[in-house]
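Undergrad: Below is run.txt; it holds compact mmCIF, C-alpha atoms.
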# COMPACT_ATOMS: atom_id res chain seq x y z
CA MET Y 69 13.22 34.55 -5.73
CA GLU Y 70 9.55 35.31 -5.08
CA TRP Y 71 8.35 34.24 -8.54
CA GLN Y 72 9.99 30.83 -8.10
CA VAL Y 73 8.16 30.27 -4.80
CA VAL Y 74 4.80 31.20 -6.31
CA THR Y 75 5.36 29.23 -9.53
CA SER Y 76 6.52 26.11 -7.69
CA ALA Y 77 3.47 26.23 -5.40
CA VAL Y 78 1.04 26.82 -8.29
CA ILE Y 79 2.47 23.93 -10.36
CA PHE Y 80 2.33 21.57 -7.37
CA LEU Y 81 -1.27 22.51 -6.50
CA LEU Y 82 -2.36 22.22 -10.15
CA VAL Y 83 -0.81 18.76 -10.42
CA TYR Y 84 -2.46 17.72 -7.14
CA ALA Y 85 -5.87 19.02 -8.27
CA ILE Y 86 -5.66 17.15 -11.58
CA ILE Y 87 -4.58 13.94 -9.80
CA ILE Y 88 -7.66 14.21 -7.56
CA SER Y 89 -9.97 14.98 -10.50
CA GLU Y 90 -8.58 12.00 -12.51
CA LYS Y 91 -9.07 14.02 -15.73
CA ILE Y 92 -5.53 13.14 -16.81
CA HIS Y 93 -3.62 10.01 -15.81
CA ARG Y 94 -1.66 10.74 -12.65
CA THR Y 95 1.65 9.58 -14.14
CA ILE Y 96 1.34 11.93 -17.12
CA ILE Y 97 0.48 15.00 -15.05
CA ALA Y 98 3.20 14.25 -12.45
CA LEU Y 99 5.83 14.06 -15.20
CA VAL Y 100 4.48 17.24 -16.88
CA GLY Y 101 4.77 19.04 -13.54
CA ALA Y 102 8.27 17.69 -12.91
CA VAL Y 103 9.54 18.73 -16.32
CA SER Y 104 7.91 22.17 -15.93
CA VAL Y 105 9.82 23.05 -12.74
CA ILE Y 106 13.08 22.12 -14.48
CA ILE Y 107 12.34 24.02 -17.72
CA LEU Y 108 11.29 27.13 -15.76
CA GLY Y 109 14.56 27.06 -13.84
CA ILE Y 110 13.04 26.50 -10.40
CA ILE Y 111 15.45 23.60 -9.96
CA THR Y 112 18.23 22.29 -12.20
CA GLN Y 113 18.26 18.82 -13.74
CA GLU Y 114 20.99 17.81 -11.29
CA GLN Y 115 18.88 18.94 -8.34
CA ALA Y 116 15.87 17.10 -9.77
CA ILE Y 117 17.87 13.86 -10.00
CA GLN Y 118 19.10 14.33 -6.42
CA ALA Y 119 15.47 14.77 -5.28
CA ILE Y 120 14.52 11.30 -6.58
CA ASP Y 121 14.68 8.64 -3.86
CA PHE Y 122 16.27 5.82 -5.82
CA ASN Y 123 16.02 3.49 -2.83
CA THR Y 124 12.22 3.69 -3.12
CA ILE Y 125 12.35 3.29 -6.91
CA GLY Y 126 14.69 0.29 -6.69
CA LEU Y 127 12.68 -1.40 -3.96
CA LEU Y 128 9.42 -1.03 -5.90
CA THR Y 129 10.95 -2.24 -9.17
CA GLY Y 130 12.68 -5.23 -7.58
CA MET Y 131 9.57 -6.44 -5.74
CA MET Y 132 7.39 -5.98 -8.83
CA ILE Y 133 9.73 -8.27 -10.79
CA VAL Y 134 9.83 -10.91 -8.03
CA VAL Y 135 6.03 -10.92 -7.66
CA GLY Y 136 5.48 -10.80 -11.43
CA ILE Y 137 7.47 -14.02 -11.90
CA THR Y 138 6.10 -15.75 -8.78
CA ARG Y 139 2.44 -15.17 -9.70
CA ARG Y 140 2.90 -17.27 -12.87
CA SER Y 141 3.35 -20.39 -10.72
CA GLY Y 142 -0.27 -20.19 -9.46
CA VAL Y 143 0.74 -20.38 -5.79
CA PHE Y 144 -1.60 -17.60 -4.63
CA GLU Y 145 -4.68 -19.19 -6.17
CA TYR Y 146 -3.66 -22.55 -4.66
CA VAL Y 147 -3.45 -21.07 -1.15
CA ALA Y 148 -6.85 -19.36 -1.49
CA ILE Y 149 -8.62 -22.56 -2.60
CA ARG Y 150 -6.92 -24.56 0.17
CA ALA Y 151 -8.09 -22.03 2.74
CA ALA Y 152 -11.67 -22.14 1.43
CA GLN Y 153 -11.72 -25.94 1.67
CA TYR Y 154 -10.29 -25.80 5.19
CA THR Y 155 -13.41 -23.84 6.23
CA LYS Y 156 -15.68 -26.59 4.77
CA GLY Y 157 -17.26 -24.04 2.46
CA ASP Y 158 -18.73 -21.83 5.23
CA PRO Y 159 -19.02 -18.35 3.59
CA LEU Y 160 -18.31 -16.38 6.78
CA LYS Y 161 -15.22 -18.48 7.53
CA ILE Y 162 -14.13 -18.21 3.88
CA MET Y 163 -14.31 -14.41 4.13
CA VAL Y 164 -12.17 -14.45 7.29
CA ALA Y 165 -9.67 -16.86 5.68
CA LEU Y 166 -9.39 -14.75 2.51
CA CYS Y 167 -8.91 -11.63 4.64
CA MET Y 168 -6.07 -13.31 6.56
CA ILE Y 169 -4.38 -14.38 3.31
CA THR Y 170 -4.88 -10.89 1.83
CA ALA Y 171 -3.42 -9.13 4.89
CA LEU Y 172 -0.42 -11.47 5.14
CA ALA Y 173 0.34 -11.34 1.41
CA SER Y 174 -0.03 -7.55 1.38
CA ALA Y 175 2.56 -7.25 4.14
CA PHE Y 176 5.24 -9.01 2.11
CA LEU Y 177 4.23 -8.29 -1.49
CA ASP Y 178 2.14 -5.22 -2.24
CA ASN Y 179 -1.58 -4.76 -1.81
CA VAL Y 180 -2.39 -4.07 -5.48
CA THR Y 181 -0.72 -7.30 -6.62
CA THR Y 182 -2.42 -9.22 -3.80
CA VAL Y 183 -5.94 -8.14 -4.78
CA LEU Y 184 -5.20 -8.71 -8.47
CA LEU Y 185 -4.43 -12.34 -7.61
CA LEU Y 186 -7.22 -13.00 -5.10
CA VAL Y 187 -10.23 -11.24 -6.66
CA PRO Y 188 -10.65 -13.77 -9.53
CA VAL Y 189 -10.50 -16.64 -7.02
CA THR Y 190 -13.05 -14.84 -4.84
CA PHE Y 191 -15.47 -14.57 -7.76
CA SER Y 192 -15.05 -18.28 -8.53
CA LEU Y 193 -15.86 -19.21 -4.92
CA CYS Y 194 -18.87 -16.86 -4.80
CA ASP Y 195 -20.19 -18.23 -8.10
CA GLU Y 196 -20.10 -21.77 -6.68
CA LEU Y 197 -21.81 -20.64 -3.47
CA GLU Y 198 -24.29 -18.47 -5.45
CA ILE Y 199 -23.66 -15.61 -3.03
CA ASN Y 200 -23.14 -11.84 -3.39
CA PRO Y 201 -19.36 -11.22 -3.73
CA ILE Y 202 -19.47 -7.58 -2.50
CA PRO Y 203 -18.97 -8.38 1.23
CA PHE Y 204 -15.90 -10.47 0.31
CA LEU Y 205 -14.49 -7.74 -1.96
CA ILE Y 206 -14.96 -4.95 0.58
CA ALA Y 207 -13.37 -7.11 3.29
CA GLU Y 208 -10.40 -7.89 1.02
CA ILE Y 209 -9.86 -4.22 0.16
CA ILE Y 210 -9.80 -3.27 3.84
CA SER Y 211 -7.56 -6.23 4.75
CA SER Y 212 -5.06 -5.42 2.00
CA ASN Y 213 -4.58 -1.87 3.28
CA ILE Y 214 -4.31 -3.00 6.90
CA GLY Y 215 -1.80 -5.77 6.07
CA GLY Y 216 0.28 -3.46 3.91
CA THR Y 217 0.69 -1.09 6.87
CA ALA Y 218 2.72 -3.61 8.88
CA THR Y 219 5.98 -3.64 6.91
CA LEU Y 220 8.38 -1.49 4.93
CA ILE Y 221 7.42 -3.14 1.63
CA GLY Y 222 3.66 -3.56 2.10
CA ASP Y 223 2.39 -0.16 1.00
CA PRO Y 224 3.97 2.62 -1.10
CA PRO Y 225 3.73 5.26 1.69
CA ASN Y 226 5.81 3.00 3.95
CA ILE Y 227 8.40 2.49 1.22
CA MET Y 228 8.66 6.26 0.85
CA ILE Y 229 8.86 6.86 4.61
CA GLY Y 230 11.53 4.18 4.96
CA GLY Y 231 13.63 5.78 2.24
CA GLY Y 232 13.11 9.34 3.46
CA ALA Y 233 13.65 8.66 7.16
CA GLY Y 234 16.33 5.97 6.83
CA LEU Y 235 14.16 3.36 8.58
CA GLY Y 236 14.68 -0.35 7.94
CA PHE Y 237 12.42 -3.37 7.51
CA MET Y 238 12.58 -4.43 11.17
CA ASP Y 239 11.90 -0.87 12.33
CA PHE Y 240 8.50 -1.08 10.64
CA VAL Y 241 7.79 -4.61 11.88
CA THR Y 242 8.63 -3.87 15.52
CA ASN Y 243 6.83 -0.50 15.60
CA LEU Y 244 3.79 -1.08 13.38
CA ALA Y 245 3.06 -4.84 13.32
CA PRO Y 246 1.69 -4.92 16.92
CA VAL Y 247 -0.93 -2.22 16.33
CA VAL Y 248 -1.72 -3.55 12.84
CA LEU Y 249 -2.48 -6.97 14.35
CA ILE Y 250 -4.88 -5.37 16.85
CA VAL Y 251 -6.54 -3.28 14.11
CA PHE Y 252 -6.89 -6.36 11.88
CA VAL Y 253 -8.50 -8.54 14.57
CA VAL Y 254 -10.97 -5.78 15.57
CA THR Y 255 -11.79 -4.99 11.93
CA ILE Y 256 -12.39 -8.64 10.97
CA ALA Y 257 -14.62 -9.11 14.02
CA LEU Y 258 -16.66 -6.05 13.02
CA LEU Y 259 -16.87 -7.19 9.37
CA ALA Y 260 -18.07 -10.63 10.51
CA ILE Y 261 -20.82 -8.98 12.59
CA ILE Y 262 -21.79 -6.58 9.78
CA PHE Y 263 -22.01 -9.25 7.04
CA ARG Y 264 -23.01 -12.35 9.03
CA LYS Y 265 -26.65 -12.36 7.86
CA SER Y 266 -25.73 -12.06 4.17
CA LEU Y 267 -23.14 -14.86 4.35
CA VAL Y 268 -25.43 -17.85 4.82
CA VAL Y 269 -25.93 -20.58 2.19
CA ALA Y 270 -27.42 -24.06 2.07
CA PRO Y 271 -25.09 -26.97 3.05
CA GLU Y 272 -25.29 -28.51 -0.45
CA LYS Y 273 -23.84 -25.29 -1.93
CA GLN Y 274 -21.00 -25.37 0.61
CA GLN Y 275 -20.11 -28.85 -0.64
CA ARG Y 276 -19.43 -27.47 -4.13
CA ILE Y 277 -16.24 -25.84 -2.81
CA MET Y 278 -14.92 -29.23 -1.71
CA VAL Y 279 -14.81 -30.61 -5.28
CA PHE Y 280 -12.13 -28.09 -6.36
CA ASN Y 281 -8.68 -29.61 -6.79
CA PRO Y 282 -6.16 -26.99 -5.52
CA ALA Y 283 -3.34 -28.73 -7.42
CA ASP Y 284 -5.02 -27.75 -10.69
CA PHE Y 285 -4.17 -24.12 -9.94
CA ILE Y 286 -0.40 -24.75 -9.83
CA LYS Y 287 0.81 -24.01 -13.35
CA ASP Y 288 4.55 -24.60 -12.90
CA TYR Y 289 5.95 -26.60 -9.97
CA THR Y 290 9.57 -25.88 -10.88
CA LEU Y 291 8.96 -22.15 -10.98
CA LEU Y 292 7.00 -22.41 -7.73
CA LYS Y 293 9.99 -23.92 -5.88
CA LYS Y 294 12.44 -21.38 -7.30
CA SER Y 295 10.12 -18.46 -6.54
CA LEU Y 296 9.48 -19.52 -2.94
CA VAL Y 297 13.22 -19.94 -2.30
CA VAL Y 298 13.97 -16.47 -3.69
CA LEU Y 299 11.04 -14.90 -1.81
CA ALA Y 300 12.33 -16.44 1.42
CA LEU Y 301 15.85 -15.12 0.73
CA VAL Y 302 14.48 -11.63 -0.03
CA ILE Y 303 12.49 -11.54 3.23
CA ILE Y 304 15.56 -12.72 5.18
CA GLY Y 305 17.54 -10.03 3.37
CA PHE Y 306 15.03 -7.37 4.45
CA ILE Y 307 15.23 -8.54 8.06
CA LEU Y 308 19.05 -8.40 8.02
CA HIS Y 309 19.67 -5.53 5.61
CA GLN Y 310 20.62 -2.96 8.24
CA SER Y 311 23.13 -5.24 9.96
CA LEU Y 312 24.51 -6.15 6.51
CA HIS Y 313 24.78 -2.42 5.66
CA LEU Y 314 22.66 -2.92 2.54
CA GLU Y 315 19.79 -0.72 1.38
CA SER Y 316 16.39 -2.38 0.97
CA ALA Y 317 16.49 -1.59 -2.78
CA THR Y 318 19.68 -3.64 -3.09
CA VAL Y 319 17.98 -6.63 -1.46
CA ALA Y 320 14.90 -6.37 -3.70
CA LEU Y 321 16.91 -5.93 -6.91
CA ALA Y 322 19.23 -8.80 -5.93
CA GLY Y 323 16.18 -11.03 -5.49
CA ALA Y 324 14.77 -9.88 -8.83
CA ALA Y 325 18.06 -10.56 -10.63
CA LEU Y 326 18.43 -14.00 -9.01
CA LEU Y 327 14.87 -15.06 -9.88
CA MET Y 328 15.27 -13.83 -13.46
CA LEU Y 329 18.45 -15.92 -13.65
CA LEU Y 330 16.76 -19.02 -12.24
CA ALA Y 331 13.56 -18.67 -14.28
CA ARG Y 332 15.35 -18.41 -17.60
CA ASP Y 333 12.38 -19.68 -19.60
CA ASN Y 334 11.03 -16.13 -19.27
CA GLU Y 335 12.53 -13.52 -21.60
CA PRO Y 336 13.74 -10.33 -19.83
CA GLU Y 337 11.41 -8.23 -21.98
CA GLU Y 338 8.45 -10.35 -20.88
CA VAL Y 339 9.45 -10.16 -17.21
CA LEU Y 340 10.00 -6.39 -17.27
CA LEU Y 341 6.51 -5.92 -18.68
CA THR Y 342 5.19 -7.09 -15.29
CA VAL Y 343 6.68 -3.95 -13.69
CA GLU Y 344 4.08 -1.23 -13.21
CA TRP Y 345 6.11 1.41 -15.03
CA PRO Y 346 3.38 4.08 -14.76
CA THR Y 347 3.65 3.79 -10.96
CA ILE Y 348 7.46 4.05 -11.07
CA PHE Y 349 7.38 7.20 -13.20
CA PHE Y 350 4.59 8.65 -11.06
CA PHE Y 351 6.96 8.39 -8.07
CA ILE Y 352 9.79 10.00 -10.05
CA GLY Y 353 7.59 12.95 -11.02
CA LEU Y 354 6.38 13.41 -7.44
CA PHE Y 355 9.87 13.33 -5.98
CA ILE Y 356 10.97 16.10 -8.37
CA LEU Y 357 7.89 18.23 -7.62
CA VAL Y 358 8.39 17.94 -3.86
CA GLY Y 359 12.10 18.61 -4.38
CA SER Y 360 11.18 21.93 -6.03
CA LEU Y 361 9.06 22.87 -2.98
CA GLU Y 362 12.02 22.10 -0.72
CA GLU Y 363 14.43 24.06 -2.90
CA VAL Y 364 12.39 27.30 -2.79
CA GLY Y 365 11.75 27.02 0.97
CA ILE Y 366 8.01 26.27 0.97
CA ILE Y 367 8.38 23.05 2.99
CA GLU Y 368 10.38 24.82 5.71
CA SER Y 369 7.81 27.64 5.90
CA ILE Y 370 4.93 25.16 6.33
CA ALA Y 371 6.96 23.33 9.00
CA ARG Y 372 7.47 26.58 10.92
CA GLU Y 373 3.75 27.43 10.77
CA THR Y 374 2.78 23.92 11.90
CA LEU Y 375 5.16 24.15 14.87
CA ASN Y 376 3.70 27.55 15.77
CA LEU Y 377 0.17 26.08 15.75
CA THR Y 378 1.13 23.06 17.87
CA HIS Y 379 3.56 25.13 19.99
CA GLY Y 380 6.20 22.48 19.32
CA ASN Y 381 4.31 19.97 21.48
CA GLN Y 382 5.25 16.48 20.31
CA THR Y 383 1.97 14.87 21.39
CA VAL Y 384 -0.19 17.45 19.64
CA THR Y 385 2.03 17.32 16.53
CA ALA Y 386 1.92 13.49 16.33
CA MET Y 387 -1.86 13.36 16.76
CA THR Y 388 -2.35 16.13 14.20
CA ILE Y 389 -0.22 14.23 11.66
CA LEU Y 390 -2.05 10.94 12.37
CA TRP Y 391 -5.58 12.30 11.95
CA MET Y 392 -4.75 14.73 9.15
CA SER Y 393 -3.04 11.91 7.22
CA ALA Y 394 -5.99 9.57 7.74
CA ILE Y 395 -8.69 12.03 6.65
CA ALA Y 396 -6.63 13.37 3.73
CA SER Y 397 -5.65 9.88 2.52
CA ALA Y 398 -9.30 8.82 2.49
CA PHE Y 399 -10.10 11.42 -0.16
CA VAL Y 400 -6.85 11.93 -2.07
CA ASP Y 401 -4.14 9.52 -3.16
CA ASN Y 402 -1.93 8.75 -0.15
CA ILE Y 403 1.24 8.62 -2.28
CA PRO Y 404 1.49 12.34 -3.19
CA PHE Y 405 0.31 13.24 0.32
CA THR Y 406 3.09 11.16 1.89
CA ALA Y 407 5.66 12.56 -0.55
CA THR Y 408 4.77 16.06 0.67
CA MET Y 409 4.75 15.16 4.38
CA ILE Y 410 8.18 13.47 4.53
CA PRO Y 411 10.32 16.60 4.00
CA LEU Y 412 7.85 18.56 6.14
CA ILE Y 413 8.43 16.24 9.13
CA LYS Y 414 12.20 16.39 8.55
CA SER Y 415 12.07 20.20 8.64
CA MET Y 416 9.99 20.13 11.82
CA GLY Y 417 12.64 17.95 13.43
CA GLN Y 418 15.46 20.26 12.38
CA LEU Y 419 13.62 23.36 13.60
CA SER Y 420 12.38 22.00 16.94
CA GLY Y 421 14.79 19.19 17.80
CA MET Y 422 11.84 16.94 18.74
CA GLN Y 423 12.11 13.16 18.53
CA LEU Y 424 10.74 12.15 15.12
CA ASP Y 425 9.89 8.45 15.58
CA PRO Y 426 6.30 9.09 16.82
CA LEU Y 427 5.76 11.41 13.85
CA TRP Y 428 6.96 8.85 11.29
CA TRP Y 429 4.73 6.11 12.74
CA SER Y 430 1.79 8.52 12.92
CA LEU Y 431 2.27 9.36 9.23
CA ALA Y 432 2.56 5.67 8.25
CA LEU Y 433 -0.56 4.62 10.16
CA GLY Y 434 -2.59 7.62 9.00
CA ALA Y 435 -1.62 7.39 5.33
CA CYS Y 436 -1.98 3.60 5.01
CA LEU Y 437 -5.06 3.00 7.16
CA GLY Y 438 -6.71 6.21 5.95
CA GLY Y 439 -6.80 4.66 2.47
CA ASN Y 440 -9.63 2.42 3.73
CA GLY Y 441 -11.92 5.41 4.20
CA THR Y 442 -13.30 5.70 0.66
CA LEU Y 443 -13.23 3.88 -2.66
CA ILE Y 444 -10.61 6.34 -3.99
CA GLY Y 445 -8.40 6.28 -0.89
CA ALA Y 446 -5.86 3.74 -2.16
CA SER Y 447 -4.87 2.06 -5.42
CA ALA Y 448 -6.04 -1.39 -4.27
CA ASN Y 449 -9.56 -0.04 -3.70
CA LEU Y 450 -9.83 1.23 -7.28
CA VAL Y 451 -8.31 -1.95 -8.73
CA VAL Y 452 -10.89 -4.16 -6.98
CA ALA Y 453 -13.75 -1.84 -7.99
CA GLY Y 454 -12.56 -1.92 -11.61
CA MET Y 455 -12.20 -5.72 -11.73
CA SER Y 456 -15.59 -6.11 -10.07
CA SER Y 457 -17.41 -3.78 -12.48
CA ARG Y 458 -15.97 -5.69 -15.46
CA ARG Y 459 -17.76 -8.76 -14.07
CA GLY Y 460 -21.03 -6.87 -13.74
CA VAL Y 461 -20.79 -6.33 -9.95
CA VAL Y 462 -20.67 -2.59 -9.22
CA ILE Y 463 -19.30 -1.29 -5.91
CA THR Y 464 -20.52 2.31 -5.65
CA PHE Y 465 -18.68 5.09 -3.82
CA MET Y 466 -21.46 5.47 -1.23
CA GLN Y 467 -21.87 1.72 -0.77
CA TYR Y 468 -18.19 1.34 0.11
CA LEU Y 469 -18.20 4.54 2.22
CA ARG Y 470 -20.91 3.07 4.47
CA TYR Y 471 -18.53 0.30 5.58
CA GLY Y 472 -15.04 1.65 4.89
CA PHE Y 473 -15.15 5.05 6.58
CA PRO Y 474 -16.46 3.92 10.03
CA LEU Y 475 -13.98 1.01 10.06
CA MET Y 476 -11.18 3.41 9.10
CA LEU Y 477 -12.12 5.68 12.02
CA VAL Y 478 -12.04 2.69 14.39
CA SER Y 479 -8.53 1.82 13.18
CA ILE Y 480 -7.32 5.41 13.69
CA VAL Y 481 -8.78 5.54 17.21
CA ILE Y 482 -6.84 2.34 18.02
CA SER Y 483 -3.72 3.86 16.41
CA THR Y 484 -4.16 7.05 18.47
CA ALA Y 485 -4.17 5.07 21.71
CA TYR Y 486 -1.18 3.01 20.54
CA ILE Y 487 0.95 6.02 19.53
CA TYR Y 488 0.17 7.83 22.77
CA LEU Y 489 0.73 4.87 25.11
CA ARG Y 490 3.89 3.59 23.39
CA TYR Y 491 5.72 6.79 22.43
CA LEU Y 492 4.26 9.84 24.16
CA MET Y 493 3.46 8.98 27.78
Please render this file's structure as structure tokens.

TA:
Amino acid sequence: MEWQVVTSAVIFLLVYAIIISEKIHRTIIALVGAVSVIILGIITQEQAIQAIDFNTIGLLTGMMIVVGITRRSGVFEYVAIRAAQYTKGDPLKIMVALCMITALASAFLDNVTTVLLLVPVTFSLCDELEINPIPFLIAEIISSNIGGTATLIGDPPNIMIGGGAGLGFMDFVTNLAPVVLIVFVVTIALLAIIFRKSLVVAPEKQQRIMVFNPADFIKDYTLLKKSLVVLALVIIGFILHQSLHLESATVALAGAALLMLLARDNEPEEVLLTVEWPTIFFFIGLFILVGSLEEVGIIESIARETLNLTHGNQTVTAMTILWMSAIASAFVDNIPFTATMIPLIKSMGQLSGMQLDPLWWSLALGACLGGNGTLIGASANLVVAGMSSRRGVVITFMQYLRYGFPLMLVSIVISTAYIYLRYLM
């Protein structure tokens, strides 16, 4: 019915506008929108439940539990201090080392958790060196979003794409890790050139880093061993999950359950508090909202119009998705954008019969790397800015934009060449 189409579109656009404005918490408004489409009869409760991608929800929840327990051991702080000492206290080398740790951790954990763990250590190192922490923080933000792009579990858009498109852990590694590595190396080289003059300190200040004892940062050796074993098993599980005919959510939740069993000194209530429940319910609300758009035919209509504009040309379609995703994700949250694009790409495939792999990888690269464009482009950016401001170091929108947006454009140019040369020639 016509009124259902209009109402569904209006509710979705209102929710999106409020998310962008940040007047109401995004989880609250997403749930209000989801409940509204059910109450108004646009979709039934059963259809709403079917619209929720429980593989995405399970994967997020499982990894949040595993990381929440592991972080209590102090292993991440230990690694950061070790890396700083390996550089002999040279600020430029410390920045590069922290960026490498951030990117690698973001690929296998999630980028928000990674920056939450590394930012306090970064401030400690900068305090000892008596140096401005902003270059380090900006570099870590950018590295976290680049690293998270490489794997299925690194960034929420990838988790959603994996669930929606039926792509596995190794699909992401084999298709995205090569270009992510190139983007990371180029970006770090550019950051080193940009910040080299502000990352110089006297030798006696560099020596202060060497007096830290990394072992002091390990809070629980027993938990550390158990956590590392479970993390290793989870990563092996992700690598093998398709051949084992297991969903990625099953692997993550199995790891969470095993680590909760092994780390029995932690009460379940305490462990479950480490899960970012607002994020989980934000996803649930979004899935229902996008499900309502699918149900009334809006997604299919947009897909038809997009195909008409691109004349069904796969190269033009892939490049449009890549650049549109990057620019949009720089200014709006990439999670609701990705949630909208997944069914749209599916519809385009059904209508045109074109091969979808280049479109999925274009969406993943655009949505994840585009988050580096502005301070509001990704959750990790806002988390670092918030932690920094609480310590009296303010990263302004324009200050970040001066570095983040040009570097984001460089990464998308590299991604454009990669997508074209690997999939479209």

Undergrad: What does the distance from CA of Gly142 in chain Y to CA of Val183 in chain Y come to in Å, to one decimal?

TA: 14.1 Å

Undergrad: Tell me, in Å to one decimal, how far CA of Ala207 in chain Y is from CA of Met278 in chain Y.

TA: 22.7 Å

Undergrad: Write out as a list in words each polymer residue whose atoms come within 12 Å of Ala331 in chain Y, counting all atoms listed in the file; drop sequence neighbours fewer than 6 positions from it.

TA: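 Counting only the stated atoms, we get Ile133, Val134, Gly136, Ile137, Thr138, Arg140, Ser141, Asp288, Tyr289, Thr290, Leu291, Leu292, Lys293, Lys294, Ser295, Val298, Gly323, Ala324, Ala325, Glu338 and Val339 of chain Y.
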
Undergrad: What does the distance from CA of Ile209 in chain Y to CA of Leu249 in chain Y come to in Å, to one decimal?

TA: 16.2 Å

Undergrad: Quick one: residues within 12 Å of Thr347 in chain Y, all atoms listed in the file counted, chain neighbours fewer than 3 positions away excluded, as a list in words?

TA: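 Those residues are His93, Arg94, Thr95, Ile96, Ala98, Leu99, Thr124, Ile125, Leu128, Thr129, Met132, Val180, Pro224, Thr342, Val343, Glu344, Phe350, Phe351, Ile352, Gly353, Leu354, Ile403, Pro404 and Ser447 of chain Y.
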
Undergrad: For the selection you just gave me, I'd like the residues written to a file as an mmCIF file, keeping the file's coordinate frame, keeping C-alpha atoms.

TA:
data_model
loop_
_atom_site.group_PDB
_atom_site.id
_atom_site.type_symbol
_atom_site.label_atom_id
_atom_site.label_comp_id
_atom_site.auth_asym_id
_atom_site.auth_seq_id
_atom_site.Cartn_x
_atom_site.Cartn_y
_atom_site.Cartn_z
ATOM 1 C CA HIS Y 93 -3.620 10.010 -15.810
ATOM 2 C CA ARG Y 94 -1.660 10.740 -12.650
ATOM 3 C CA THR Y 95 1.650 9.580 -14.140
ATOM 4 C CA ILE Y 96 1.340 11.930 -17.120
ATOM 5 C CA ALA Y 98 3.200 14.250 -12.450
ATOM 6 C CA LEU Y 99 5.830 14.060 -15.200
ATOM 7 C CA THR Y 124 12.220 3.690 -3.120
ATOM 8 C CA ILE Y 125 12.350 3.290 -6.910
ATOM 9 C CA LEU Y 128 9.420 -1.030 -5.900
ATOM 10 C CA THR Y 129 10.950 -2.240 -9.170
ATOM 11 C CA MET Y 132 7.390 -5.980 -8.830
ATOM 12 C CA VAL Y 180 -2.390 -4.070 -5.480
ATOM 13 C CA PRO Y 224 3.970 2.620 -1.100
ATOM 14 C CA THR Y 342 5.190 -7.090 -15.290
ATOM 15 C CA VAL Y 343 6.680 -3.950 -13.690
ATOM 16 C CA GLU Y 344 4.080 -1.230 -13.210
ATOM 17 C CA PHE Y 350 4.590 8.650 -11.060
ATOM 18 C CA PHE Y 351 6.960 8.390 -8.070
ATOM 19 C CA ILE Y 352 9.790 10.000 -10.050
ATOM 20 C CA GLY Y 353 7.590 12.950 -11.020
ATOM 21 C CA LEU Y 354 6.380 13.410 -7.440
ATOM 22 C CA ILE Y 403 1.240 8.620 -2.280
ATOM 23 C CA PRO Y 404 1.490 12.340 -3.190
ATOM 24 C CA SER Y 447 -4.870 2.060 -5.420
#

Undergrad: Applying 8 Å and all atoms listed in the file, which residues near Ile97 in chain Y remain after dropping the ones on its own chain fewer than 6 positions away? List them as a list of chain:residue names.

TA: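 So, after excluding close chain neighbours, the residues are Y:Val83, Y:Ile86, Y:Ile87.
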
Undergrad: Given all atoms listed in the file as the basis, pick out the residue of Y:Gly359, Y:Pro426, Y:Pro346, Y:Pro246 nearest to Ile111 in chain Y.

TA: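 Between Y:Gly359, Y:Pro426, Y:Pro346, Y:Pro246, the residue approaching Ile111 in chain Y most closely is Y:Gly359.
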
Undergrad: Between Y:Asn449, Y:Arg372, Y:Leu477, Y:Val73, single out the one closest to Thr464 in chain Y, counting all atoms listed in the file.

TA: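 Among Y:Asn449, Y:Arg372, Y:Leu477, Y:Val73, it is Y:Asn449 that comes nearest to Thr464 in chain Y.
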
Undergrad: Find the residue from Y:Met387, Y:Leu427, Y:Met392, Y:Ile250 that sits nearest to Val478 in chain Y; use all atoms listed in the file when measuring.

TA: Y:Ile250

Undergrad: Go through range 154-225 of chain Y and flag each residue having an atom no more than 7 Å from range 231-240 of chain Y; for those, report the closest pair of atoms plus their distance in Å to one decimal, using all atoms listed in the file, ordered by chain and rising number, as a tab-separated table.

TA:
residue	atom	partner	partner_atom	distance
Y:Ala218	CA	Y:Phe240	CA	6.6
Y:Thr219	CA	Y:Phe240	CA	5.2
Y:Leu220	CA	Y:Phe237	CA	5.1

Undergrad: Write out as a ChimeraX atom specification which residues come within 12 Å of Thr217 in chain Y when counting all atoms listed in the file, dropping same-chain ones fewer than 5 positions away.

TA: /Y:171-179,210-212,222-227,229,237,240-241,243-249,251-252,429-440,479,483

Undergrad: For Ile117 in chain Y, which of Y:Thr170, Y:Ser360, Y:Thr484, Y:Ser457 is the closest residue, counting only C-alpha atoms?

TA: Y:Ser360

Undergrad: Which is closest to Ile480 in chain Y among Y:Pro159, Y:Gly421, Y:Gly460, Y:Gly441, if we use all atoms listed in the file?

TA: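 Closest candidate: Y:Gly441.
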
Undergrad: Considering only C-alpha atoms, return as a list in words whatever protein or nucleic-acid residues lie within 10 Å of Phe191 in chain Y, sequence-local ones (same chain, fewer than 3 positions apart) excluded.

TA: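 Neighbouring residues, sequence-local ones excluded: Leu186, Val187, Pro188, Cys194, Asp195, Glu196, Leu197, Glu198, Ile199, Asn200, Pro201, Ile202, Phe204, Leu205, Ser456 and Arg459 of chain Y.
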
Undergrad: Give the answer as one residue: which of Y:Leu390, Y:Ala152, Y:Val135, Y:Val105 has the shortest atom-to-atom distance to Leu299 in chain Y, using only C-alpha atoms?

TA: Y:Val135

Undergrad: In the coordinate frame of the file, compute which residues have an atom within 9 Å of (-1.2, -22.8, -4.9) when using all atoms listed in the file, and state them as a PyMOL selection string.

TA: chain Y and resi 141-150+282-287+292
